[in-house]
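Dropping data_12.tsv in here (TSV, C-alpha atoms):
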chain	number	residue	atom	x	y	z
A	1	MET	CA	-67.04	46.05	-53.07
A	2	SER	CA	-65.80	46.26	-49.49
A	3	SER	CA	-63.73	48.80	-47.64
A	4	GLU	CA	-61.53	48.25	-44.60
A	5	LEU	CA	-61.29	50.70	-41.76
A	6	GLY	CA	-57.55	50.87	-41.34
A	7	TYR	CA	-57.43	52.41	-37.89
A	8	GLN	CA	-54.66	51.21	-35.60
A	9	GLU	CA	-56.04	52.66	-32.38
A	10	LEU	CA	-56.83	50.88	-29.15
A	11	ASP	CA	-60.46	50.09	-28.51
A	12	GLN	CA	-62.45	51.85	-25.82
A	13	ILE	CA	-61.14	49.66	-23.02
A	14	GLY	CA	-57.56	50.25	-24.15
A	15	GLN	CA	-56.59	46.63	-24.72
A	16	GLU	CA	-56.77	45.59	-28.37
A	17	CYS	CA	-56.87	47.10	-31.83
A	18	ARG	CA	-59.95	46.50	-33.95
A	19	SER	CA	-60.06	46.01	-37.71
A	20	ILE	CA	-63.40	45.70	-39.52
A	21	VAL	CA	-64.33	45.45	-43.19
A	22	PHE	CA	-67.64	46.86	-44.46
A	23	LYS	CA	-69.23	44.99	-47.32
A	24	GLU	CA	-71.08	46.59	-50.22
A	25	SER	CA	-74.03	48.70	-49.09
A	26	LEU	CA	-77.63	47.54	-49.48
A	27	GLN	CA	-79.82	50.32	-50.81
A	28	GLU	CA	-83.26	51.01	-49.32
A	29	LYS	CA	-82.62	48.45	-46.53
A	30	VAL	CA	-82.27	48.62	-42.74
A	31	MET	CA	-81.64	46.11	-39.96
A	32	LYS	CA	-84.53	46.07	-37.49
A	33	GLY	CA	-84.66	44.87	-33.91
A	34	HIS	CA	-80.92	44.98	-33.13
A	35	LEU	CA	-80.30	48.66	-32.40
A	36	ILE	CA	-77.68	49.38	-29.74
A	37	ARG	CA	-77.10	53.09	-30.36
A	38	LEU	CA	-78.54	55.97	-32.41
A	39	GLU	CA	-76.66	59.16	-33.29
A	40	GLU	CA	-76.94	62.10	-35.67
A	41	VAL	CA	-73.76	62.52	-37.74
A	42	PRO	CA	-72.56	64.95	-40.43
A	43	HIS	CA	-71.83	62.26	-43.03
A	44	GLN	CA	-71.92	58.51	-43.59
A	45	GLY	CA	-68.22	58.06	-42.85
A	46	SER	CA	-68.80	59.26	-39.29
A	47	CYS	CA	-71.26	56.41	-38.80
A	48	ASN	CA	-68.63	53.93	-40.00
A	49	VAL	CA	-66.23	55.29	-37.40
A	50	LEU	CA	-68.81	55.07	-34.61
A	51	CYS	CA	-69.37	51.42	-35.49
A	52	TYR	CA	-65.63	50.79	-35.35
A	53	MET	CA	-65.46	52.38	-31.90
A	54	GLU	CA	-68.37	50.31	-30.54
A	55	PRO	CA	-67.10	46.72	-29.89
A	56	ASN	CA	-70.54	45.12	-30.36
A	57	CYS	CA	-71.39	46.92	-33.62
A	58	VAL	CA	-71.45	44.72	-36.72
A	59	SER	CA	-73.71	46.76	-39.02
A	60	ILE	CA	-75.12	50.24	-39.55
A	61	ASN	CA	-78.23	51.85	-40.99
A	62	VAL	CA	-77.73	55.34	-42.42
A	63	GLY	CA	-80.52	57.66	-43.50
A	64	PRO	CA	-81.26	61.37	-44.01
A	65	SER	CA	-81.88	63.81	-41.16
A	66	LYS	CA	-82.61	67.51	-40.97
A	67	GLY	CA	-80.07	70.10	-42.07
A	68	GLY	CA	-78.12	67.74	-44.31
A	69	ASN	CA	-77.06	65.47	-41.45
A	70	TYR	CA	-77.59	61.72	-41.24
A	71	ILE	CA	-79.23	59.33	-38.80
A	72	CYS	CA	-76.70	56.68	-37.77
A	73	GLU	CA	-78.00	53.43	-36.26
A	74	LEU	CA	-75.52	50.94	-34.83
A	75	ASN	CA	-76.65	47.30	-34.73
A	76	ASN	CA	-75.37	44.18	-33.00
A	77	ALA	CA	-76.46	41.90	-35.86
A	78	SER	CA	-75.40	41.79	-39.51
A	79	ASP	CA	-76.80	40.38	-42.75
A	80	GLU	CA	-74.81	37.19	-41.97
A	81	SER	CA	-76.22	36.78	-38.46
A	82	PRO	CA	-78.91	34.28	-37.56
A	83	GLY	CA	-82.09	36.31	-37.97
A	84	SER	CA	-80.76	38.32	-40.92
A	85	SER	CA	-84.34	38.19	-42.17
A	86	ASP	CA	-84.69	41.24	-39.92
A	87	LEU	CA	-83.51	43.29	-42.90
A	88	GLN	CA	-86.46	45.40	-44.04
A	89	SER	CA	-87.12	47.98	-46.71
A	90	LYS	CA	-86.86	51.67	-45.84
A	91	GLN	CA	-86.79	54.52	-48.34
A	92	ASP	CA	-83.64	56.68	-48.58
A	93	TYR	CA	-81.70	54.48	-46.14
A	94	ILE	CA	-78.71	52.23	-46.76
A	95	HIS	CA	-77.51	49.26	-44.73
A	96	LEU	CA	-73.87	48.23	-44.36
A	97	SER	CA	-72.76	45.04	-42.63
A	98	ILE	CA	-69.20	44.13	-41.80
A	99	GLU	CA	-67.58	40.81	-42.63
A	100	ASN	CA	-68.72	39.07	-39.49
A	101	PRO	CA	-66.97	35.96	-38.08
A	102	CYS	CA	-69.39	36.11	-35.14
A	103	SER	CA	-72.19	34.89	-37.43
A	104	SER	CA	-71.04	31.31	-36.73
A	105	SER	CA	-71.66	31.84	-32.98
A	106	PRO	CA	-68.12	30.83	-31.90
A	107	CYS	CA	-68.54	31.75	-28.22
A	108	PHE	CA	-69.89	29.17	-25.78
A	109	ASN	CA	-71.88	29.50	-22.56
A	110	ASN	CA	-73.64	32.72	-23.59
A	111	GLY	CA	-70.37	34.53	-24.25
A	112	THR	CA	-70.61	37.74	-26.32
A	113	CYS	CA	-68.78	37.62	-29.64
A	114	GLN	CA	-67.13	40.89	-30.73
A	115	ALA	CA	-65.95	41.04	-34.35
A	116	GLY	CA	-62.70	42.59	-35.53
A	117	TYR	CA	-60.38	41.52	-32.71
A	118	THR	CA	-57.39	39.13	-32.52
A	119	ASP	CA	-55.93	37.12	-35.38
A	120	LYS	CA	-59.10	34.99	-35.38
A	121	GLY	CA	-61.17	38.03	-36.35
A	122	PHE	CA	-63.20	37.99	-33.12
A	123	ARG	CA	-62.97	37.81	-29.34
A	124	CYS	CA	-65.37	36.38	-26.76
A	125	LYS	CA	-66.39	38.35	-23.67
A	126	CYS	CA	-67.29	35.68	-21.15
A	127	PRO	CA	-70.02	35.81	-18.51
A	128	PHE	CA	-69.11	35.35	-14.87
A	129	GLY	CA	-68.10	31.78	-14.18
A	130	PHE	CA	-66.50	31.05	-17.57
A	131	THR	CA	-63.18	31.72	-19.23
A	132	GLY	CA	-61.10	30.61	-22.24
A	133	VAL	CA	-60.78	32.03	-25.74
A	134	ARG	CA	-64.34	30.84	-26.54
A	135	CYS	CA	-65.70	30.88	-22.96
A	136	GLU	CA	-65.44	27.11	-23.04
A	137	LYS	CA	-63.91	26.67	-19.59
A	138	ALA	CA	-66.02	26.74	-16.46
A	139	CYS	CA	-64.39	28.77	-13.73
A	140	SER	CA	-64.36	25.96	-11.23
A	141	PHE	CA	-61.81	23.79	-9.50
A	142	ASP	CA	-62.72	20.20	-10.29
A	143	PHE	CA	-59.16	18.80	-10.74
A	144	GLU	CA	-59.99	17.21	-14.10
A	145	ASP	CA	-56.91	19.00	-15.48
A	146	GLY	CA	-54.70	18.47	-12.43
A	147	ILE	CA	-53.81	20.89	-9.64
A	148	GLY	CA	-51.85	23.39	-11.71
A	149	GLY	CA	-51.61	26.71	-9.88
A	150	TRP	CA	-52.35	25.23	-6.45
A	151	GLU	CA	-49.53	25.67	-3.90
A	152	MET	CA	-48.56	22.71	-1.73
A	153	THR	CA	-46.78	22.40	1.61
A	154	GLY	CA	-45.87	19.21	3.47
A	155	ARG	CA	-46.48	15.68	2.15
A	156	ALA	CA	-50.23	15.16	2.60
A	157	PHE	CA	-51.07	16.07	-1.01
A	158	ILE	CA	-47.99	14.98	-2.96
A	159	TYR	CA	-49.89	12.25	-4.84
A	160	GLN	CA	-52.84	14.42	-5.85
A	161	PRO	CA	-55.16	14.54	-7.64
A	162	THR	CA	-56.52	10.99	-7.33
A	163	PHE	CA	-58.00	9.07	-10.25
A	164	GLY	CA	-61.27	7.19	-9.85
A	165	ASP	CA	-63.16	5.93	-6.81
A	166	ASN	CA	-60.10	4.63	-4.97
A	167	PRO	CA	-61.82	4.02	-1.58
A	168	ALA	CA	-64.50	1.87	-3.24
A	169	ALA	CA	-61.76	-0.10	-5.02
A	170	ARG	CA	-60.46	-1.28	-1.63
A	171	GLY	CA	-63.93	-2.06	-0.25
A	172	ARG	CA	-64.73	1.23	1.49
A	173	GLU	CA	-67.69	3.55	0.89
A	174	SER	CA	-67.73	5.49	-2.37
A	175	ALA	CA	-65.94	8.83	-2.46
A	176	ASN	CA	-68.86	10.31	-4.45
A	177	LEU	CA	-66.39	12.12	-6.70
A	178	GLN	CA	-67.40	14.41	-9.57
A	179	GLY	CA	-65.78	13.38	-12.87
A	180	ASP	CA	-62.61	11.28	-12.73
A	181	TRP	CA	-60.22	13.29	-10.57
A	182	TRP	CA	-60.44	14.59	-7.00
A	183	ILE	CA	-58.35	15.32	-3.91
A	184	GLY	CA	-58.02	12.31	-1.60
A	185	GLY	CA	-55.40	12.89	1.05
A	186	ALA	CA	-55.17	9.21	1.96
A	187	GLU	CA	-54.93	8.03	-1.64
A	188	LYS	CA	-52.09	7.16	-4.01
A	189	ARG	CA	-53.44	6.85	-7.52
A	190	SER	CA	-52.07	9.90	-9.30
A	191	ASN	CA	-52.03	8.15	-12.69
A	192	GLU	CA	-54.86	6.33	-14.40
A	193	SER	CA	-52.55	3.37	-14.97
A	194	ASP	CA	-51.75	2.99	-11.24
A	195	PRO	CA	-53.37	-0.01	-9.52
A	196	PRO	CA	-56.63	1.03	-7.81
A	197	GLY	CA	-57.03	1.03	-4.06
A	198	LYS	CA	-53.49	2.04	-3.05
A	199	GLN	CA	-52.96	4.51	-0.20
A	200	HIS	CA	-50.33	7.10	0.70
A	201	PRO	CA	-47.05	5.23	1.40
A	202	ASP	CA	-46.41	7.40	4.49
A	203	GLY	CA	-49.68	6.10	5.92
A	204	ALA	CA	-53.23	7.08	5.06
A	205	ASP	CA	-53.56	9.49	8.00
A	206	ASN	CA	-49.97	10.35	8.96
A	207	PRO	CA	-48.81	13.08	6.55
A	208	HIS	CA	-49.57	16.73	7.18
A	209	GLY	CA	-49.75	19.59	4.71
A	210	THR	CA	-51.76	22.27	2.96
A	211	LEU	CA	-53.01	22.79	-0.59
A	212	THR	CA	-53.92	26.37	-1.54
A	213	SER	CA	-55.83	27.43	-4.64
A	214	PRO	CA	-54.92	30.23	-7.01
A	215	CYS	CA	-56.44	33.62	-6.21
A	216	PHE	CA	-59.91	34.36	-7.60
A	217	ARG	CA	-62.41	37.21	-7.30
A	218	ILE	CA	-65.81	36.59	-5.72
A	219	VAL	CA	-68.71	37.95	-7.80
A	220	GLY	CA	-71.66	35.98	-6.43
A	221	LYS	CA	-73.33	34.96	-3.19
A	222	ASN	CA	-72.28	31.32	-2.76
A	223	ILE	CA	-69.33	28.96	-2.93
A	224	SER	CA	-69.99	25.22	-2.83
A	225	PHE	CA	-67.80	22.11	-2.89
A	226	LEU	CA	-67.68	18.40	-2.12
A	227	ILE	CA	-65.90	17.49	1.10
A	228	GLY	CA	-65.28	14.25	3.01
A	229	GLY	CA	-62.66	12.56	5.16
A	230	GLY	CA	-61.83	13.87	8.62
A	231	CYS	CA	-64.38	15.67	10.77
A	232	LYS	CA	-62.22	17.46	13.35
A	233	ILE	CA	-62.43	21.04	12.08
A	234	ASN	CA	-59.47	22.21	14.18
A	235	GLU	CA	-57.23	19.65	12.45
A	236	VAL	CA	-58.76	18.77	9.05
A	237	ARG	CA	-60.64	21.43	7.12
A	238	VAL	CA	-61.11	23.61	4.08
A	239	GLU	CA	-60.71	27.35	4.62
A	240	LEU	CA	-61.80	30.42	2.70
A	241	ILE	CA	-59.16	33.14	2.88
A	242	VAL	CA	-60.05	36.76	2.11
A	243	ASN	CA	-57.49	39.55	2.60
A	244	ILE	CA	-55.12	37.07	4.25
A	245	GLN	CA	-57.77	36.25	6.87
A	246	VAL	CA	-59.58	32.92	7.31
A	247	VAL	CA	-63.26	33.88	7.06
A	248	ARG	CA	-64.96	30.48	6.57
A	249	LYS	CA	-64.19	26.87	7.56
A	250	GLU	CA	-65.75	23.49	6.85
A	251	THR	CA	-64.83	19.86	7.50
A	252	GLY	CA	-65.92	16.36	6.48
A	253	ASN	CA	-68.16	13.77	8.14
A	254	CYS	CA	-65.60	11.11	9.09
A	255	LEU	CA	-66.51	9.18	5.96
A	256	GLU	CA	-64.67	8.72	2.69
A	257	THR	CA	-67.88	9.86	0.99
A	258	MET	CA	-67.89	13.53	0.01
A	259	PHE	CA	-71.03	15.60	0.45
A	260	ARG	CA	-71.78	19.02	-1.00
A	261	LYS	CA	-71.52	21.91	1.41
A	262	SER	CA	-71.58	25.65	0.81
A	263	TRP	CA	-70.68	29.05	2.21
A	264	ASP	CA	-72.64	32.30	2.00
A	265	VAL	CA	-70.08	34.82	0.73
A	266	GLU	CA	-72.30	37.74	-0.22
A	267	GLU	CA	-70.42	40.05	2.14
A	268	PHE	CA	-67.19	39.39	0.21
A	269	ILE	CA	-68.46	40.14	-3.30
A	270	GLY	CA	-65.80	42.02	-5.26
A	271	GLN	CA	-62.94	40.81	-3.06
A	272	TYR	CA	-60.12	38.42	-3.89
A	273	ALA	CA	-59.97	35.06	-2.17
A	274	GLN	CA	-58.31	31.65	-2.00
A	275	VAL	CA	-59.35	28.22	-0.76
A	276	ARG	CA	-56.92	26.24	1.38
A	277	LEU	CA	-57.10	22.55	2.34
A	278	VAL	CA	-55.51	21.86	5.73
A	279	ASP	CA	-54.45	18.47	7.14
A	280	GLU	CA	-52.90	18.66	10.63
A	281	ARG	CA	-54.22	15.35	12.02
A	282	SER	CA	-52.24	12.09	12.32
A	283	ASP	CA	-54.71	9.44	13.52
A	284	GLY	CA	-58.17	8.22	12.46
A	285	TYR	CA	-59.54	10.17	9.52
A	286	GLY	CA	-56.45	12.35	9.49
A	287	HIS	CA	-57.01	13.25	5.84
A	288	ILE	CA	-59.32	15.39	3.73
A	289	ASN	CA	-61.27	14.55	0.58
A	290	PHE	CA	-62.25	17.47	-1.64
A	291	ASP	CA	-63.68	18.05	-5.13
A	292	ASP	CA	-65.71	20.25	-7.48
A	293	LEU	CA	-65.50	23.74	-6.01
A	294	LYS	CA	-68.16	25.84	-7.76
A	295	ALA	CA	-68.92	29.52	-7.39
A	296	ASP	CA	-69.67	32.78	-9.15
A	297	ILE	CA	-66.02	33.72	-9.36
A	298	ILE	CA	-63.65	35.22	-11.88
A	299	CYS	CA	-60.67	32.98	-12.49
A	300	PRO	CA	-57.10	34.26	-12.54
A	301	HIS	CA	-55.86	35.57	-15.90
A	302	TYR	CA	-53.58	32.63	-16.64
A	303	PHE	CA	-56.66	30.34	-16.83
A	304	ASP	CA	-57.53	32.26	-20.01
A	305	GLU	CA	-55.75	30.98	-23.12
A	306	LYS	CA	-55.65	34.50	-24.54
A	307	ASN	CA	-53.29	35.57	-21.79

So, in terms of structure tokens, how does the structure I just supplied come out?
Amino acid sequence: MSSELGYQELDQIGQECRSIVFKESLQEKVMKGHLIRLEEVPHQGSCNVLCYMEPNCVSINVGPSKGGNYICELNNASDESPGSSDLQSKQDYIHLSIENPCSSSPCFNNGTCQAGYTDKGFRCKCPFGFTGVRCEKACSFDFEDGIGGWEMTGRAFIYQPTFGDNPAARGRESANLQGDWWIGGAEKRSNESDPPGKQHPDGADNPHGTLTSPCFRIVGKNISFLIGGGCKINEVRVELIVNIQVVRKETGNCLETMFRKSWDVEEFIGQYAQVRLVDERSDGYGHINFDDLKADIICPHYFDEKN
């Protein structure tokens, strides 16, 4: 027999309601090795409520204490979890697990599954660097899904992102791209079906413009990326913008080949930032190649399917 806690309150962070269902109790049993909180309570029902209020709680152990009270142990594993063999015998105690959709480990990339939330019955709390309903999306800008959210000015980037190693297709050095899509300011292959090797119809180096990323929050010490193309930093560059100020710059090596470069951003941890590609040059290597920005950053909310 199971019983549902029918509370319709917001959880402790004030965002979502939680609904959990306790299964039939197991007499003389306790869950060992998964304790997240221990309290003394006046009756068993109080322990049920504490579990409901703790997002990571999926089972409880309840046993006698002095003065007619009860020991309440909140656990982050249930009898359905991997390692449910951690159930052990203990006199005068009972164990109650909830119906636990987290037992199937639905969260990727070391995300924390919390049972009782959303219409799926769980939610995933993602570690830094990942997002998505199941933490399946790396918080990076690699252009494999296009340039959605990036803001463009001018004509330099109107055919971006570029598919495949377009410079190599016309006999130049390899772009050294990551994946299939990248930013190649001189290129015109914005569809996989386009013939390889074509360049911007305005001229490979003539158009000017900028391409600015969505806002993100810096939570780690480094930002790295692949960059190639022009090497005149005053005319062709990538910029890091924090609080509307350009705080870092980098440029290419006057080769189509992109190389990985990085910035130390420890001093900006906790602040919001953007990356901007700038092309202000019109002659030789008047374009920028860019790909695979990686960092310990928190992506904007609209990257998360939940929102």

**Selection: 7 Å around Leu277 of chain A, all atoms listed in the file, excl. self and same-chain fewer than 5 positions, as a list in words** = Thr210, Leu211, Thr212, Arg237, Val238 and Glu239 of chain A

**Request:** Counting all atoms listed in the file, figure out which residue out of A:Val278, A:Leu177, A:Ile98, A:Val58 gets nearest to Gly164 of chain A.
**Result:**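 Answer, going by the shortest atom-to-atom distance: A:Leu177.
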
**Asked** Pick the closest to Glu73 of chain A from A:Ser59, A:Gln160, A:Ser262, A:Asn109: which is it, counting only C-alpha atoms?
**Response**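 Ranked by minimum distance to Glu73 of chain A, first place goes to A:Ser59.
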
**Item:** Residue nearest Cys299 of chain A among A:Arg260, A:Lys90, A:Lys23, A:Lys137 (counting only C-alpha atoms)
**Value:** A:Lys137

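Atom CA of Ala168 of chain A lies 28.1 Å from atom CA of Glu151 of chain A.
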
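With all atoms listed in the file as the basis for measurement, A:Asn176 is the residue among A:Ser193, A:Asn176, A:Gln245, A:Ser224 that approaches Met258 of chain A most closely.
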
**Asked** Could you pull the residues within 12 Å of Ala175 of chain A, counting all atoms listed in the file, minus those fewer than 6 positions along the same chain, as JSON, numbers by chain?
**Response** {"A": [162, 163, 164, 165, 166, 167, 168, 169, 181, 182, 183, 184, 185, 186, 187, 197, 226, 227, 228, 229, 252, 253, 254, 255, 256, 257, 258, 259, 260, 288, 289, 290, 291]}

**Item:** Shell of 7 Å around Asn69 of chain A, only C-alpha atoms, local chain residues under 3 positions omitted, as a count of residues only
**Value:** 7

May I have a table of the residues of segment 28-99 of chain A lying at most 12 Å from segment 114-127 of chain A, giving each one's closest pair of atoms and their distance in Å to one decimal, counting only C-alpha atoms, ordered by chain and ascending residue number, as a tab-separated table?
residue	atom	partner	partner_atom	distance
A:Cys51	CA	A:Ala115	CA	11.0
A:Tyr52	CA	A:Gly116	CA	8.7
A:Met53	CA	A:Gly116	CA	10.8
A:Glu54	CA	A:Gln114	CA	9.5
A:Pro55	CA	A:Gln114	CA	5.9
A:Asn56	CA	A:Gln114	CA	5.4
A:Cys57	CA	A:Gln114	CA	7.9
A:Val58	CA	A:Ala115	CA	7.0
A:Ser59	CA	A:Ala115	CA	10.7
A:Asn76	CA	A:Gln114	CA	9.2
A:Ala77	CA	A:Ala115	CA	10.7
A:Ser78	CA	A:Ala115	CA	10.8
A:Ser81	CA	A:Ala115	CA	11.9
A:Ser97	CA	A:Ala115	CA	11.4
A:Ile98	CA	A:Ala115	CA	8.7
A:Glu99	CA	A:Ala115	CA	8.4

Output file for the residues above (C-alpha atoms, as a PDB file, in the frame of the given file):
ATOM      1  CA  CYS A  51     -69.370  51.420 -35.490  1.00  0.00           C
ATOM      2  CA  TYR A  52     -65.630  50.790 -35.350  1.00  0.00           C
ATOM      3  CA  MET A  53     -65.460  52.380 -31.900  1.00  0.00           C
ATOM      4  CA  GLU A  54     -68.370  50.310 -30.540  1.00  0.00           C
ATOM      5  CA  PRO A  55     -67.100  46.720 -29.890  1.00  0.00           C
ATOM      6  CA  ASN A  56     -70.540  45.120 -30.360  1.00  0.00           C
ATOM      7  CA  CYS A  57     -71.390  46.920 -33.620  1.00  0.00           C
ATOM      8  CA  VAL A  58     -71.450  44.720 -36.720  1.00  0.00           C
ATOM      9  CA  SER A  59     -73.710  46.760 -39.020  1.00  0.00           C
ATOM     10  CA  ASN A  76     -75.370  44.180 -33.000  1.00  0.00           C
ATOM     11  CA  ALA A  77     -76.460  41.900 -35.860  1.00  0.00           C
ATOM     12  CA  SER A  78     -75.400  41.790 -39.510  1.00  0.00           C
ATOM     13  CA  SER A  81     -76.220  36.780 -38.460  1.00  0.00           C
ATOM     14  CA  SER A  97     -72.760  45.040 -42.630  1.00  0.00           C
ATOM     15  CA  ILE A  98     -69.200  44.130 -41.800  1.00  0.00           C
ATOM     16  CA  GLU A  99     -67.580  40.810 -42.630  1.00  0.00           C
TER      17      GLU A  99
END

My structure is short of atoms at segment 291-300 of chain A; please model all heavy atoms there, returning them as an mmCIF file, in the coordinates of the input.
data_model
loop_
_atom_site.group_PDB
_atom_site.id
_atom_site.type_symbol
_atom_site.label_atom_id
_atom_site.label_comp_id
_atom_site.auth_asym_id
_atom_site.auth_seq_id
_atom_site.Cartn_x
_atom_site.Cartn_y
_atom_site.Cartn_z
ATOM 1 N N ASP A 291 -63.461 18.067 -3.688
ATOM 2 C CA ASP A 291 -63.680 18.050 -5.130
ATOM 3 C C ASP A 291 -64.690 19.133 -5.520
ATOM 4 O O ASP A 291 -65.479 19.615 -4.691
ATOM 5 C CB ASP A 291 -64.217 16.682 -5.560
ATOM 6 C CG ASP A 291 -64.118 16.429 -7.061
ATOM 7 O OD1 ASP A 291 -63.434 17.201 -7.761
ATOM 8 O OD2 ASP A 291 -64.736 15.452 -7.539
ATOM 9 N N ASP A 292 -64.649 19.523 -6.781
ATOM 10 C CA ASP A 292 -65.710 20.250 -7.480
ATOM 11 C C ASP A 292 -66.134 21.543 -6.773
ATOM 12 O O ASP A 292 -67.308 21.746 -6.475
ATOM 13 C CB ASP A 292 -66.915 19.344 -7.676
ATOM 14 C CG ASP A 292 -67.882 19.888 -8.737
ATOM 15 O OD1 ASP A 292 -67.403 20.531 -9.684
ATOM 16 O OD2 ASP A 292 -69.098 19.662 -8.606
ATOM 17 N N LEU A 293 -65.165 22.423 -6.536
ATOM 18 C CA LEU A 293 -65.500 23.740 -6.010
ATOM 19 C C LEU A 293 -66.193 24.540 -7.114
ATOM 20 O O LEU A 293 -65.677 24.684 -8.215
ATOM 21 C CB LEU A 293 -64.245 24.467 -5.536
ATOM 22 C CG LEU A 293 -64.450 25.815 -4.851
ATOM 23 C CD1 LEU A 293 -63.377 26.020 -3.793
ATOM 24 C CD2 LEU A 293 -64.429 26.980 -5.833
ATOM 25 N N LYS A 294 -67.380 25.060 -6.798
ATOM 26 C CA LYS A 294 -68.160 25.840 -7.760
ATOM 27 C C LYS A 294 -68.549 27.170 -7.121
ATOM 28 O O LYS A 294 -68.856 27.219 -5.932
ATOM 29 C CB LYS A 294 -69.435 25.101 -8.167
ATOM 30 C CG LYS A 294 -69.217 23.836 -8.962
ATOM 31 C CD LYS A 294 -70.546 23.189 -9.317
ATOM 32 C CE LYS A 294 -70.367 21.957 -10.179
ATOM 33 N NZ LYS A 294 -71.676 21.313 -10.489
ATOM 34 N N ALA A 295 -68.563 28.209 -7.935
ATOM 35 C CA ALA A 295 -68.920 29.520 -7.390
ATOM 36 C C ALA A 295 -69.078 30.510 -8.521
ATOM 37 O O ALA A 295 -68.643 30.262 -9.657
ATOM 38 C CB ALA A 295 -67.855 30.010 -6.415
ATOM 39 N N ASP A 296 -69.694 31.642 -8.235
ATOM 40 C CA ASP A 296 -69.670 32.780 -9.150
ATOM 41 C C ASP A 296 -68.387 33.537 -8.862
ATOM 42 O O ASP A 296 -68.328 34.409 -7.989
ATOM 43 C CB ASP A 296 -70.896 33.673 -8.932
ATOM 44 C CG ASP A 296 -72.176 32.998 -9.395
ATOM 45 O OD1 ASP A 296 -72.113 32.244 -10.378
ATOM 46 O OD2 ASP A 296 -73.218 33.210 -8.764
ATOM 47 N N ILE A 297 -67.343 33.139 -9.575
ATOM 48 C CA ILE A 297 -66.020 33.720 -9.360
ATOM 49 C C ILE A 297 -65.391 34.027 -10.710
ATOM 50 O O ILE A 297 -65.772 33.459 -11.736
ATOM 51 C CB ILE A 297 -65.108 32.785 -8.549
ATOM 52 C CG1 ILE A 297 -64.957 31.429 -9.249
ATOM 53 C CG2 ILE A 297 -65.634 32.615 -7.136
ATOM 54 C CD1 ILE A 297 -64.042 30.459 -8.520
ATOM 55 N N ILE A 298 -64.453 34.944 -10.700
ATOM 56 C CA ILE A 298 -63.650 35.220 -11.880
ATOM 57 C C ILE A 298 -62.296 34.563 -11.673
ATOM 58 O O ILE A 298 -61.604 34.822 -10.681
ATOM 59 C CB ILE A 298 -63.476 36.736 -12.103
ATOM 60 C CG1 ILE A 298 -64.847 37.379 -12.381
ATOM 61 C CG2 ILE A 298 -62.525 37.011 -13.252
ATOM 62 C CD1 ILE A 298 -64.786 38.884 -12.531
ATOM 63 N N CYS A 299 -61.921 33.710 -12.610
ATOM 64 C CA CYS A 299 -60.670 32.980 -12.490
ATOM 65 C C CYS A 299 -59.479 33.895 -12.720
ATOM 66 O O CYS A 299 -59.600 34.940 -13.357
ATOM 67 C CB CYS A 299 -60.630 31.849 -13.507
ATOM 68 S SG CYS A 299 -61.700 30.458 -13.092
ATOM 69 N N PRO A 300 -58.298 33.487 -12.263
ATOM 70 C CA PRO A 300 -57.100 34.260 -12.540
ATOM 71 C C PRO A 300 -56.804 34.303 -14.036
ATOM 72 O O PRO A 300 -57.206 33.425 -14.784
ATOM 73 C CB PRO A 300 -56.005 33.504 -11.769
ATOM 74 C CG PRO A 300 -56.565 32.155 -11.519
ATOM 75 C CD PRO A 300 -58.047 32.315 -11.429
#
